[in-house]
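What follows is the content of input_39.cif, which has mmCIF, C-alpha atoms:
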data_query
#
loop_
_atom_site.label_atom_id
_atom_site.label_comp_id
_atom_site.auth_asym_id
_atom_site.auth_seq_id
_atom_site.Cartn_x
_atom_site.Cartn_y
_atom_site.Cartn_z
CA MET A 22 98.73 66.60 72.89
CA LYS A 23 95.69 68.75 72.18
CA TRP A 24 94.72 68.79 75.88
CA LEU A 25 98.23 70.02 76.72
CA SER A 26 97.82 72.99 74.35
CA ILE A 27 94.44 73.79 75.89
CA LEU A 28 95.91 73.55 79.40
CA MET A 29 98.81 75.86 78.49
CA LEU A 30 96.38 78.37 76.97
CA ALA A 31 94.24 78.27 80.12
CA VAL A 32 97.29 78.88 82.31
CA LEU A 33 98.40 81.78 80.10
CA LEU A 34 94.94 83.37 80.15
CA THR A 35 94.64 82.93 83.92
CA GLY A 36 98.00 84.62 84.37
CA LEU A 37 96.99 87.52 82.14
CA ALA A 38 93.67 87.94 83.92
CA GLY A 39 95.52 88.36 87.23
CA CYS A 40 97.61 91.27 85.95
CA GLY A 41 94.86 93.89 86.25
CA ASN A 42 95.44 97.59 85.90
CA GLU A 43 98.44 99.13 87.59
CA ASN A 44 99.63 102.62 88.37
CA ALA A 45 102.93 103.87 86.98
CA ASP A 46 104.67 102.84 90.23
CA GLY A 47 103.42 99.25 89.90
CA SER A 48 100.77 99.51 92.62
CA PRO A 49 97.31 98.25 91.69
CA ALA A 50 94.76 100.73 90.36
CA VAL A 51 91.84 101.72 92.60
CA GLY A 52 89.61 98.71 93.18
CA GLU A 53 92.25 96.28 91.96
CA GLN A 54 94.37 93.70 93.75
CA LYS A 55 97.88 92.50 92.96
CA GLU A 56 99.96 89.65 94.33
CA HIS A 57 103.14 90.84 96.01
CA GLY A 58 105.20 87.87 97.15
CA PHE A 59 102.98 86.02 99.62
CA ASP A 60 100.80 89.08 100.19
CA ILE A 61 98.04 90.87 98.31
CA LEU A 62 98.08 94.60 97.69
CA GLU A 63 94.82 96.44 97.08
CA THR A 64 94.25 100.11 96.35
CA THR A 65 91.22 102.04 97.58
CA ALA A 66 90.13 105.59 96.79
CA SER A 67 90.91 106.86 100.31
CA ALA A 68 91.69 105.86 103.90
CA ALA A 69 87.95 105.91 104.58
CA GLU A 70 87.51 102.89 102.31
CA LEU A 71 88.99 99.65 103.61
CA PRO A 72 90.17 96.98 101.16
CA GLU A 73 87.87 94.19 100.02
CA PHE A 74 90.26 91.54 101.35
CA LEU A 75 88.99 92.49 104.84
CA GLU A 76 85.38 91.76 103.87
CA HIS A 77 85.18 88.37 105.59
CA THR A 78 87.51 89.01 108.53
CA HIS A 79 86.62 89.71 112.13
CA GLU A 80 85.69 93.33 112.81
CA ASP A 81 88.65 93.66 115.19
CA ILE A 82 91.04 93.07 112.29
CA SER A 83 89.28 95.69 110.16
CA SER A 84 89.49 98.05 113.12
CA VAL A 85 93.27 97.65 113.34
CA TYR A 86 93.54 98.48 109.63
CA ALA A 87 91.28 101.52 110.03
CA GLU A 88 93.42 102.79 112.92
CA SER A 89 96.80 101.92 111.41
CA VAL A 90 96.43 104.17 108.39
CA HIS A 91 95.80 107.15 110.71
CA HIS A 92 98.81 106.42 112.95
CA LYS A 93 101.56 106.40 110.33
CA ASP A 94 103.88 108.72 112.30
CA LEU A 95 103.77 106.37 115.29
CA LEU A 96 103.76 102.99 113.53
CA GLU A 97 106.66 103.86 111.23
CA HIS A 98 108.79 103.93 114.40
CA ILE A 99 107.52 100.61 115.77
CA PRO A 100 109.28 97.47 114.57
CA CYS A 101 107.53 94.26 113.64
CA TYR A 102 108.75 90.97 115.08
CA CYS A 103 107.04 88.45 112.79
CA GLY A 104 109.88 88.00 110.31
CA CYS A 105 108.32 90.21 107.63
CA TYR A 106 111.60 92.05 107.06
CA GLU A 107 113.03 88.84 105.66
CA SER A 108 109.90 87.62 103.87
CA ALA A 109 108.37 90.89 102.61
CA GLY A 110 110.99 93.60 103.05
CA HIS A 111 108.91 95.48 105.62
CA ARG A 112 110.69 98.24 107.55
CA ASN A 113 108.17 98.66 110.40
CA VAL A 114 104.73 97.48 111.55
CA TYR A 115 102.99 100.17 109.46
CA ASP A 116 104.20 98.37 106.32
CA CYS A 117 102.28 95.25 107.42
CA PHE A 118 99.01 97.13 106.85
CA VAL A 119 99.71 99.96 104.42
CA ASN A 120 101.99 99.53 101.44
CA GLN A 121 101.82 103.19 100.47
CA VAL A 122 99.79 106.36 100.64
CA ASN A 123 99.72 107.81 97.15
CA GLU A 124 99.95 111.51 96.23
CA ASP A 125 96.34 111.50 95.01
CA GLY A 126 95.08 110.27 98.41
CA THR A 127 94.54 106.69 97.34
CA ILE A 128 95.81 104.00 99.70
CA THR A 129 97.54 100.80 98.69
CA TRP A 130 96.90 98.30 101.50
CA ASP A 131 98.85 95.13 102.30
CA ASP A 132 96.99 92.03 103.51
CA HIS A 133 100.05 90.80 105.44
CA GLY A 134 98.83 92.25 108.75
CA MET A 135 95.45 90.52 108.64
CA LYS A 136 97.14 87.12 108.46
CA CYS A 137 99.58 87.67 111.32
CA GLY A 138 98.76 87.75 115.01
CA VAL A 139 102.10 89.38 115.87
CA CYS A 140 101.50 92.28 113.45
CA LEU A 141 97.95 92.78 114.70
CA GLU A 142 99.00 92.66 118.34
CA ILE A 143 101.87 95.12 117.89
CA ALA A 144 99.83 97.66 115.91
CA TYR A 145 96.83 97.40 118.24
CA SER A 146 98.98 97.73 121.37
CA ALA A 147 100.93 100.69 120.00
CA VAL A 148 97.77 102.61 119.03
CA GLN A 149 96.11 101.86 122.37
CA MET A 150 99.17 102.98 124.32
CA SER A 151 99.30 106.18 122.27
CA GLU A 152 95.63 106.90 122.90
CA ASN A 153 96.30 106.37 126.63
CA GLY A 154 98.98 109.07 126.59
CA ALA A 155 102.23 107.12 126.18
CA SER A 156 104.96 108.81 124.17
CA ASP A 157 106.24 107.23 120.96
CA LYS A 158 109.52 106.43 122.74
CA GLU A 159 107.70 104.75 125.66
CA ILE A 160 105.66 102.69 123.21
CA ARG A 161 108.74 101.66 121.23
CA ASP A 162 110.58 100.66 124.40
CA ALA A 163 107.61 98.62 125.65
CA ILE A 164 107.23 96.78 122.32
CA ASP A 165 110.98 96.10 122.10
CA ASP A 166 111.14 94.91 125.71
CA TYR A 167 108.25 92.49 125.22
CA TYR A 168 109.24 91.01 121.85
CA ASN A 169 113.00 90.90 122.45
CA THR A 170 112.44 88.40 125.28
CA GLY A 171 110.34 85.88 123.35
CA ASP A 172 110.88 83.42 120.58
CA TYR A 173 110.25 85.97 117.86
CA PRO A 174 112.27 86.62 114.71
CA GLU A 175 114.60 89.59 114.51
CA ALA A 176 112.86 92.96 114.43
CA THR A 177 112.49 95.03 111.30
CA PRO A 178 115.27 97.67 110.99
CA THR A 179 113.09 100.48 112.26
CA PRO A 180 114.50 103.87 113.29
CA GLN A 181 113.85 105.03 116.84
CA PRO A 182 111.29 107.81 117.34
CA GLU A 183 112.55 111.20 118.43
CA ALA A 184 112.70 111.52 122.21
#

So that I can check it, write out the structure of this file as structure tokens.
Amino acid sequence: MKWLSILMLAVLLTGLAGCGNENADGSPAVGEQKEHGFDILETTASAAELPEFLEHTHEDISSVYAESVHHKDLLEHIPCYCGCYESAGHRNVYDCFVNQVNEDGTITWDDHGMKCGVCLEIAYSAVQMSENGASDKEIRDAIDDYYNTGDYPEATPTPQPEA
């Protein structure tokens, strides 16, 4: 019985250690991580500082994160087709990378995008098309046309960009 009490105490302490510091809105404090469903949220001091969860990923994945945060206006109008609306409540592909930009300039990142080839491909393609001169509407149409014809889950409920 004594080992059971020790085990329960260890589980309780492990759970408490994972809580970390949080902001009033529930997002993790700068430099902290927090589990959010199947994903991890991490807050950094600014967009110039990428989250630690990218530390051991391929540089191409880090690059998509670095670009995504600067293309919010575009990516908030591009749906994701990985099923993240159902599993994580995402509304667009931007949500796969950035959970929120806080008033003080800190960024709360989401590790969902780094684990998902569909998210990475959509965000990368959208940014590249934008940099090559495509309009937001042309990008949205191209993404929808491509992913609506495959074996992908239903798209996030993302509003269309203005024409």

Quick check on the file I pasted: which residues fall under the PyMOL selection byres ((chain A and resi 85) around 10)? Write them as a PyMOL selection string.
chain A and resi 80-84+86-90+118+134-135+140-142+144-146+148

Expressed in Å to a single decimal, how great is the separation between atom CA of A:Ala50 and atom CA of A:Asp132?
15.9 Å

Applied to this file, what does the PyMOL selection byres ((chain A and resi 125) around 12) return in terms of residues, put as a ChimeraX atom specification?
/A:44,50-51,64-68,121-124,126-129

List, as a ChimeraX atom specification, every residue that the PyMOL selection byres ((chain A and resi 183) around 10) selects in the file provided.
/A:98,156-158,180-182,184

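Taking all atoms listed in the file into account, A:Pro72 lies nearest to A:Trp130 out of the set A:Tyr106, A:Tyr173, A:Tyr168, A:Trp130.
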
Residue neighbourhood A:Val139, 7 Å, all atoms listed in the file, exclusion window fewer than 4 positions, as a ChimeraX atom specification
/A:102-103,143

Store the residues picked out above, limited to C-alpha atoms, as an mmCIF file, in the coordinates of the input.
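Saved to out.cif:
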data_model
loop_
_atom_site.group_PDB
_atom_site.id
_atom_site.type_symbol
_atom_site.label_atom_id
_atom_site.label_comp_id
_atom_site.auth_asym_id
_atom_site.auth_seq_id
_atom_site.Cartn_x
_atom_site.Cartn_y
_atom_site.Cartn_z
ATOM 1 C CA TYR A 102 108.750 90.970 115.080
ATOM 2 C CA CYS A 103 107.040 88.450 112.790
ATOM 3 C CA ILE A 143 101.870 95.120 117.890
#

Mind pulling up the distance from atom CA of A:Gly58 to atom CA of A:His111?
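Calculated distance between atom CA of A:His111 and atom CA of A:Gly58 is 12.0 Å.
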
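With atom CA of A:Arg161 on one side and atom CA of A:His91 on the other, the separation reads 17.6 Å.
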
Can you work out which one of A:Glu70, A:Glu63, A:Asp165, A:Glu159 has the shortest atom-to-atom distance to A:Cys101, counting only C-alpha atoms?
A:Asp165

Non-local contacts of A:Leu96 (7 Å; all atoms listed in the file; under 3 positions in same chain excluded) as an NGL selection string
:A and (92-93 or 99 or 113-115)

Please identify all polymer residues within 10 Å of A:Glu107, counting all atoms listed in the file, omitting same-chain residues fewer than 4 positions from it, and present them as a ChimeraX atom specification.
/A:103,111-112,174-177

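Considering only C-alpha atoms, the residue among A:Ser48, A:Ser108, A:Ile164, A:Leu75 positioned nearest to A:Met150 is A:Ile164.
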
Test item: residues at most 7 Å from A:Ile61, all atoms listed in the file, excluding those fewer than 4 positions along its chain, as a list in words:
Gln54, Lys55, Glu56, His57, Asp131 and Asp132 of chain A

Using all atoms listed in the file, which residue out of A:Glu43, A:Glu53, A:Asp116, A:Asp60 lies closest to A:Lys136?
A:Asp60
